[in-house]
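Below you'll find the structure, written out as C-alpha cells, and then a few comments.
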Amino acid sequence: MTIATASRHWPAQGLARVPYWVYSDEDLYAQEQARIFRGRTWNFLCLEAELPGPNTYCRSSLGEMPIVVARDNAGAVHAFENRCAHRGSLLCLKERGAAKEIVCVYHNWTYDLAGNLTGVAFRRGLGGKGGMPKDAKPEEHGPRKLRVETLAGLVFGTFSADTPSLADYLGPEIAARIRRVMRAPVKLLGGYSQVLPSNWKLYMENVKDSYHASLLHAFFTTFRLHRLSQKGGVIISDAGGNHTTYSMAADVAGKEYEQAGMRSAQDDFRLEAPELLTTVDEYGDGVGIQILGVFPSFVLQQIRNSLAVRRVVPQGLERTELVWTAFGFTTDDEALTELRLRQANLIGPAGYVSMEDGAATGFVQRSARAAGDELSVVEMGGHGTSSEDNRVTEAAVRGFWKDYRGHMGL
Amino acid sequence: MDVALHFKVQDLNARYVHAIDEDQLEQWPDFFAEDGRYRITTAENVERGLPLSLMYATSRAMMRDRVNSLRNANVYESQRYRHAVGTPLIEPDQDGIVRAVTNFLVARIMHTGETMLFATGRYEDRIALAGDARPHFVEKTVILDSRQIDTLLAIPL
C-alpha cells in the first residue's frame with residue numbers, strides 16, 4: 001500500500017458498500033493510471049478492422065496515456081506510447097492513416113511501425129559540426145511498448161510484463177462470449193464519442209449493473225426489449241472484473257412492472273414505426289441482449305442486431321470519454337446492414353436505451369463530491385460476486401470492486 | 001440569384017429551428033415529407049464513408065416516435081437549444097427539389113442555467129419547393145463537425 005492510499009480504508013462491510021471518495025479523490029485517480037491502466041490489465045485498443053492493411057495505424061489510449069496501434073508491413077500488430085524519444089512530442093497527430101514509418105513533426109525523428117527509433121535528423125551534424133555525441137543512445141528513451149494480443153478481431157494491449165495471457169485474464173466463459181458476438185470478419189459502420197461528466201468507474205459500474213437497465217431505461221421495458229422477468233443471467237470471471245449479462249429475446253408477457261406502477265413501464269406508449277425493432281436472430285441462440293465488460297475499460301455490446309465496442313477513456317477525475325464504434329460483418333447483406341443502422345437509434349449519446357447512462361452517472365458524480373466518507377449500497381443479490389441465473393443482482397458491480405481493490409491494494 | 005428561392009429556403013430553416021428551440025417538438029416531423037429522411041452523423045463518419053448515424057429516421061412516423069419517446073420514456077435533465085443558422089448555399093436539383101447546405105451553431109441551455117456551445121456543423125438538405133405543398137425537407141442530414149457529444153443528445157438538431 002502506498003502513502004496516498006494509506007489514508008483510505010475500504011469499509012468493513014466489504015464489497016456491498018462503496019465509499020463515495022473513490023469517485024472524488026485526486027490521488028486515487030493518479031494511482032489508478034499507474035496501477036490499473038498501466039498495470040496488470042488488458043485494455044482494448046481498437047478493432048483489427050481499424051488497421052485495414054499493412055502499414056496502417058490508429059490512435060488509442062491506455063488510460064490517459066496516448067497510444068499508437070499499428071500494423072506493420074508483415075501484418076503484425078504493435079502498440080506503443082505516442083511519445084517521441086527526443087522531447088516527448090506526440091508522434092501521431094492524425095486519428096488514423098497509412099504510413100510506412102512515423103515521423104515526429106517536431107524534429108523529424110523517425111520510427112518504424114513497431115515503435116523503434118530508426119532515424120535522428122542530423123545525428124552526425126553537418127560538416128563535422130554539431131550533431132549528437134558518438135556514444136549517445138537516444139534509442140534507450142524510445143516510446144514504451146505494449147504487449148499486444150488479439151482475440152476474434154479485437155486488439156488488446158497491456159503495459160505490464162506480469163499481466164497473464166489475454167485468455168487467462170478473460171477466463172474461458174468471457175472469451176467464449178466474445179467469440180460468440182464476433183462471429184465473422186468485422187465491417188466498420190462508424191463511430192462517435194460521448195463525454196460523460198463522471199469518473200470512469202461510474203460508467204463501468206453502470207455497464208455491470210444488470211439491475212438498472214429495465215428501471216432507468218423505460219424504452220427497454222415498455223417495448224419488452226429487456227425486463228428482469230425475461231430469462232437471462234450474469235456471468236462473472238473469477239477475478240471479478242470481467243462479466244457478461246445476457247437476456248433472451250423471448251417475451252414472457254409478465255405485468256410485474258405495470259402492477260408495481262414503475263415509471264419505466266409506459267402502457268400507453270406504442271411505436272408508430274415498429275420496424276425500428278425488426279430483428280433477426282443472427283446468432284441462432286435466442287439471446288436478445290448481451291453486454292460484456294472487461295476490466296478496466298472495455299465494453300462489447302449486442303443489443304438485438306446492434307453491435308458495438310465501447311472504449312472507456314478517463315480524462316480527469318470527473319470526465320470520461322466513451323468512444324463508440326459500431327460494426328457489422330463483411331458477410332452482411334444490405335438488409336442486415338440497414339437493420340443495424342436503424343437499431344443504432346437504440347445506442348450512443350442519442351440512443352433510446354443508452355442516453356440516460358450519460359446523465360445518471362453524472363448525477364452520482366455531483367453528489368459524490370460532497371458525500372466523502374458516506375457509503376453507497378450495493379446489496380442486490382447479497383454480498384457475493386458469483387455468476388447468477390437472474391439479473392436482479394449487483395454481483396457484477398461487486399466483482400468490479402473486488403478486482404479494483406486487488407489492483408489498488410485497497 | 002433566385003431571390004425568391006433563397007427566401008423560401010431561409011424561411012423554412014427559420015421555422016424549423018424555431019420549432020425546436022421553442023420546444024414545439026411535436027411540429028418537428030411536419031417539416032418533412034411523409035417518407036422523409038432525417039439523420040445526424042459526424043464529419044468523421046462522412047469523410048470515412050461510414051454510414052452510422054446518431055439518430056436515423058426514414059419516415060415522419062419514426063420522427064414522431066422519437067418525440068413521443070423524449071416526452072414519455074427517456075430521462076434527461078430539462079434543457080433547451082438555441083440555433084443560429086447561416087445563409088444557405090443553394091443548388092437546384094431536379095423535379096422541384098433544391099439542395100441546400102446551411103451552417104449551424106447550437107447552444108444548449110440547461111435548467112441550471114449552464115449554457116454551452118453544444119454542436120456546430122452543417123445541414124445538407126434536399127427540399128421540396130414545387131407545387132402547392134408547404135416547403136418541406138425530403139432529406140435532412142445533420143453533419144456534426146465534432147465526433148464528441150457532451151453527456152447526451154436528446155433533442156433533435
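By order in the C-alpha cells, chains are A, B, ...; within a chain, residues start at 1; ligands start at 1, following the order shown.
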
Shell of 12 Å around Gly382 (chain A), only C-alpha atoms, local chain residues under 5 positions omitted, as a ChimeraX atom specification: /A:13-17,377,388,392-398

Output as a Markdown table one row per residue of region 61-128 of chain B within 6 Å of region 21-42 of chain B: the closest atom pair and its distance in Å to one decimal place, counting only C-alpha atoms, sorted by chain and residue number ascending.
| residue | atom | partner | partner_atom | distance |
| --- | --- | --- | --- | --- |
| B:Met63 | CA | B:Pro29 | CA | 5.6 |
| B:Tyr81 | CA | B:Asp21 | CA | 5.2 |
| B:Arg82 | CA | B:Asp21 | CA | 5.4 |

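Between chain B and the candidates A:Thr361, A:Gln230, A:Thr56, A:Thr118, the tightest atom-to-atom separation, counting only C-alpha atoms, involves A:Thr361.
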
Two-atom distance - CA of Pro133 (chain A), CA of Cys104 (chain A) (Å):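 These atoms are spaced 21.0 Å apart.
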
Proximity check chain A to chain B, 7 Å, nearest pairs one decimal Å, only C-alpha atoms, as CSV:
residue,atom,partner,partner_atom,distance
A:Leu189,CA,B:Leu50,CA,5.3
A:Gly190,CA,B:Leu52,CA,4.9
A:Gly191,CA,B:Leu52,CA,6.8
A:Tyr192,CA,B:Arg147,CA,4.9
A:Ser193,CA,B:Gln148,CA,4.8
A:Gln194,CA,B:Ile149,CA,4.8
A:Val195,CA,B:Asp150,CA,4.8
A:Leu196,CA,B:Thr151,CA,5.0
A:Pro197,CA,B:Thr151,CA,6.6
A:His217,CA,B:Asn74,CA,6.9
A:Ala218,CA,B:Ala73,CA,5.2
A:Phe219,CA,B:Ala73,CA,5.9
A:Leu271,CA,B:Asp65,CA,5.8
A:Glu272,CA,B:Ala61,CA,5.6
A:Ala273,CA,B:Met62,CA,5.4
A:Leu341,CA,B:Leu52,CA,6.1
A:Arg342,CA,B:Tyr56,CA,6.4
A:Asn345,CA,B:Met55,CA,5.5
A:Gly348,CA,B:Leu54,CA,6.8
A:Pro349,CA,B:Leu152,CA,4.4
A:Ala350,CA,B:Leu153,CA,4.6
A:Tyr352,CA,B:Asn74,CA,6.9
A:Met355,CA,B:Leu152,CA,5.5
A:Glu356,CA,B:Val75,CA,5.8
A:Gly358,CA,B:Thr151,CA,5.0
A:Ala359,CA,B:Thr151,CA,6.3

Test item: residues at most 8 Å from Pro185 (chain A), only C-alpha atoms, excluding those fewer than 4 positions along its chain, as a PDB file with C-alpha atoms, in the first residue's frame:
ATOM      1  CA  GLY A 153     -10.850  -9.192 -34.286  1.00  0.00           C
ATOM      2  CA  PHE A 329     -19.668  -8.197 -40.613  1.00  0.00           C
ATOM      3  CA  THR A 330     -18.272  -8.439 -44.126  1.00  0.00           C
ATOM      4  CA  THR A 331     -20.796 -11.225 -44.687  1.00  0.00           C
TER       5      THR A 331
END

Those of region 30-152 of chain B in DSSP helix (DSSP H, G or I), formatted as a list in words: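 Put together, the selection reads Asp30, Phe31, Ala43, Glu44, Asn45, Val46, Glu47, Arg48, Arg60, Ala61, Met62, Met63, Arg64, Asp65, Arg66, Val67, Asn68, Ser69, Leu70, Arg71 and Asn72 of chain B.
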
Region 86-242 of chain A: residues DSSP assigns to strand (DSSP E), reported as an MDAnalysis selection string: chainID A and resid 96:98 102:103 110:111 117:119 147:151 154:158 186:196 232:236

Keeping N, CA and C atoms for every residue in the selection just given, could you write it to a file as an mmCIF file, in the first residue's frame?
data_model
loop_
_atom_site.group_PDB
_atom_site.id
_atom_site.type_symbol
_atom_site.label_atom_id
_atom_site.label_comp_id
_atom_site.auth_asym_id
_atom_site.auth_seq_id
_atom_site.Cartn_x
_atom_site.Cartn_y
_atom_site.Cartn_z
ATOM 1 N N ARG A 96 -5.975 8.305 -37.634
ATOM 2 C CA ARG A 96 -5.664 7.045 -38.309
ATOM 3 C C ARG A 96 -5.068 7.361 -39.663
ATOM 4 N N GLY A 97 -4.416 6.385 -40.235
ATOM 5 C CA GLY A 97 -3.861 6.631 -41.554
ATOM 6 C C GLY A 97 -3.013 5.473 -42.024
ATOM 7 N N ALA A 98 -2.362 5.686 -43.161
ATOM 8 C CA ALA A 98 -1.456 4.692 -43.724
ATOM 9 C C ALA A 98 -0.072 5.314 -43.788
ATOM 10 N N ILE A 102 6.797 6.419 -39.109
ATOM 11 C CA ILE A 102 6.177 7.518 -38.391
ATOM 12 C C ILE A 102 7.249 8.562 -38.130
ATOM 13 N N VAL A 103 6.955 9.783 -38.508
ATOM 14 C CA VAL A 103 7.935 10.858 -38.384
ATOM 15 C C VAL A 103 7.408 11.888 -37.393
ATOM 16 N N THR A 110 12.476 9.609 -36.746
ATOM 17 C CA THR A 110 11.593 8.657 -37.418
ATOM 18 C C THR A 110 11.559 7.314 -36.687
ATOM 19 N N TYR A 111 10.456 6.622 -36.874
ATOM 20 C CA TYR A 111 10.198 5.357 -36.188
ATOM 21 C C TYR A 111 9.606 4.368 -37.170
ATOM 22 N N LEU A 117 12.945 3.536 -32.807
ATOM 23 C CA LEU A 117 13.570 4.737 -33.368
ATOM 24 C C LEU A 117 14.509 4.315 -34.485
ATOM 25 N N THR A 118 14.300 4.830 -35.696
ATOM 26 C CA THR A 118 15.125 4.409 -36.839
ATOM 27 C C THR A 118 15.941 5.538 -37.414
ATOM 28 N N GLY A 119 15.654 6.753 -37.033
ATOM 29 C CA GLY A 119 16.432 7.847 -37.606
ATOM 30 C C GLY A 119 16.363 9.115 -36.774
ATOM 31 N N ARG A 147 2.613 -4.950 -24.705
ATOM 32 C CA ARG A 147 2.348 -6.298 -25.221
ATOM 33 C C ARG A 147 0.975 -6.257 -25.889
ATOM 34 N N VAL A 148 0.866 -6.915 -27.011
ATOM 35 C CA VAL A 148 -0.394 -6.889 -27.766
ATOM 36 C C VAL A 148 -0.883 -8.314 -27.971
ATOM 37 N N GLU A 149 -2.181 -8.520 -27.776
ATOM 38 C CA GLU A 149 -2.799 -9.786 -28.180
ATOM 39 C C GLU A 149 -4.105 -9.468 -28.885
ATOM 40 N N THR A 150 -4.477 -10.312 -29.815
ATOM 41 C CA THR A 150 -5.763 -10.122 -30.484
ATOM 42 C C THR A 150 -6.650 -11.324 -30.208
ATOM 43 N N LEU A 151 -7.944 -11.051 -30.167
ATOM 44 C CA LEU A 151 -8.921 -12.118 -29.985
ATOM 45 C C LEU A 151 -10.138 -11.785 -30.846
ATOM 46 N N LEU A 154 -10.479 -8.296 -32.048
ATOM 47 C CA LEU A 154 -10.282 -7.227 -31.066
ATOM 48 C C LEU A 154 -8.805 -7.166 -30.703
ATOM 49 N N VAL A 155 -8.257 -5.953 -30.610
ATOM 50 C CA VAL A 155 -6.853 -5.781 -30.241
ATOM 51 C C VAL A 155 -6.780 -5.273 -28.806
ATOM 52 N N PHE A 156 -6.054 -6.008 -27.981
ATOM 53 C CA PHE A 156 -5.849 -5.607 -26.587
ATOM 54 C C PHE A 156 -4.365 -5.348 -26.353
ATOM 55 N N GLY A 157 -4.082 -4.456 -25.412
ATOM 56 C CA GLY A 157 -2.702 -4.181 -25.060
ATOM 57 C C GLY A 157 -2.537 -4.104 -23.557
ATOM 58 N N THR A 158 -1.327 -4.436 -23.106
ATOM 59 C CA THR A 158 -1.016 -4.276 -21.684
ATOM 60 C C THR A 158 0.397 -3.735 -21.558
ATOM 61 N N VAL A 186 -14.991 -8.330 -39.312
ATOM 62 C CA VAL A 186 -15.715 -7.092 -38.992
ATOM 63 C C VAL A 186 -15.770 -6.132 -40.176
ATOM 64 N N LYS A 187 -16.943 -5.510 -40.339
ATOM 65 C CA LYS A 187 -17.082 -4.372 -41.244
ATOM 66 C C LYS A 187 -17.448 -3.167 -40.392
ATOM 67 N N LEU A 188 -16.634 -2.112 -40.438
ATOM 68 C CA LEU A 188 -16.914 -0.921 -39.625
ATOM 69 C C LEU A 188 -18.157 -0.204 -40.156
ATOM 70 N N LEU A 189 -19.010 0.256 -39.233
ATOM 71 C CA LEU A 189 -20.167 1.067 -39.639
ATOM 72 C C LEU A 189 -19.984 2.533 -39.274
ATOM 73 N N GLY A 190 -19.125 2.793 -38.263
ATOM 74 C CA GLY A 190 -18.869 4.188 -37.905
ATOM 75 C C GLY A 190 -18.756 4.363 -36.413
ATOM 76 N N GLY A 191 -18.591 5.608 -36.003
ATOM 77 C CA GLY A 191 -18.409 5.846 -34.574
ATOM 78 C C GLY A 191 -18.709 7.274 -34.173
ATOM 79 N N TYR A 192 -18.590 7.497 -32.905
ATOM 80 C CA TYR A 192 -18.732 8.821 -32.288
ATOM 81 C C TYR A 192 -18.301 8.656 -30.852
ATOM 82 N N SER A 193 -18.232 9.767 -30.116
ATOM 83 C CA SER A 193 -17.901 9.607 -28.717
ATOM 84 C C SER A 193 -18.790 10.477 -27.852
ATOM 85 N N GLN A 194 -18.858 10.069 -26.623
ATOM 86 C CA GLN A 194 -19.769 10.684 -25.659
ATOM 87 C C GLN A 194 -18.903 11.096 -24.475
ATOM 88 N N VAL A 195 -18.960 12.356 -24.089
ATOM 89 C CA VAL A 195 -18.167 12.827 -22.961
ATOM 90 C C VAL A 195 -19.052 12.807 -21.715
ATOM 91 N N LEU A 196 -18.690 11.952 -20.788
ATOM 92 C CA LEU A 196 -19.519 11.767 -19.599
ATOM 93 C C LEU A 196 -18.985 12.640 -18.466
ATOM 94 N N GLY A 232 -32.498 -14.824 -18.268
ATOM 95 C CA GLY A 232 -31.152 -14.304 -18.506
ATOM 96 C C GLY A 232 -30.282 -14.530 -17.299
ATOM 97 N N GLY A 233 -29.138 -13.903 -17.290
ATOM 98 C CA GLY A 233 -28.249 -14.089 -16.156
ATOM 99 C C GLY A 233 -27.025 -13.230 -16.274
ATOM 100 N N VAL A 234 -26.130 -13.439 -15.333
ATOM 101 C CA VAL A 234 -24.871 -12.724 -15.337
ATOM 102 C C VAL A 234 -23.742 -13.727 -15.079
ATOM 103 N N ILE A 235 -22.708 -13.603 -15.900
ATOM 104 C CA ILE A 235 -21.533 -14.460 -15.772
ATOM 105 C C ILE A 235 -20.380 -13.570 -15.312
ATOM 106 N N ILE A 236 -19.689 -13.979 -14.277
ATOM 107 C CA ILE A 236 -18.620 -13.143 -13.720
ATOM 108 C C ILE A 236 -17.342 -13.960 -13.648
#

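CA of Ala360 (chain A) lies 26.9 Å from CA of Gly254 (chain A).
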
Polymer residues at most 9 Å from Gly86 (chain B), only C-alpha atoms, same-chain spacing of 6 or more positions, as a PyMOL selection string: chain B and resi 10+102-105

Residues as selected, C-alpha atoms, written as an mmCIF file, in the first residue's frame, can you do that?
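What follows is the written file selection.cif:
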data_model
loop_
_atom_site.group_PDB
_atom_site.id
_atom_site.type_symbol
_atom_site.label_atom_id
_atom_site.label_comp_id
_atom_site.auth_asym_id
_atom_site.auth_seq_id
_atom_site.Cartn_x
_atom_site.Cartn_y
_atom_site.Cartn_z
ATOM 1 C CA GLN B 10 -34.337 30.611 -45.363
ATOM 2 C CA THR B 102 -26.560 25.570 -44.204
ATOM 3 C CA ASN B 103 -24.133 26.035 -41.316
ATOM 4 C CA PHE B 104 -25.437 25.988 -37.773
ATOM 5 C CA LEU B 105 -24.321 26.601 -34.222
#

Coordinates-based distance that separates CA of Gln302 (chain A) from CA of Ser264 (chain A) (Å, one decimal): 21.5 Å

All residues 10 Å or closer to Lys134 (chain A), only C-alpha atoms, same chain fewer than 3 positions away omitted, as a list of chain:residue names: A:Arg123, A:Arg124, A:Gly131, A:Lys137

Same residues, C-alpha atoms, saved as a PDB file, in the first residue's frame:
ATOM      1  CA  ARG A 123      22.527  12.852 -35.914  1.00  0.00           C
ATOM      2  CA  ARG A 124      26.134  13.278 -37.136  1.00  0.00           C
ATOM      3  CA  GLY A 131      25.041  16.545 -34.004  1.00  0.00           C
ATOM      4  CA  LYS A 137      21.908   6.291 -27.223  1.00  0.00           C
TER       5      LYS A 137
END

Selection: 12 Å around Ala114 (chain A), only C-alpha atoms, excl. self and same-chain fewer than 2 positions, as number ranges by chain: A: 55-57, 67-82, 100-102, 110-112, 116-118, 142-148

Within 10 Å of His6 (chain B) using only C-alpha atoms, minus same-chain residues under 4 positions, as a PyMOL selection string: chain B and resi 1-2+10-12+87-90+100

Best match for closeness to Leu339 (chain A) among A:Val280, A:Pro274, A:Tyr29, A:Arg311, counting only C-alpha atoms: A:Val280
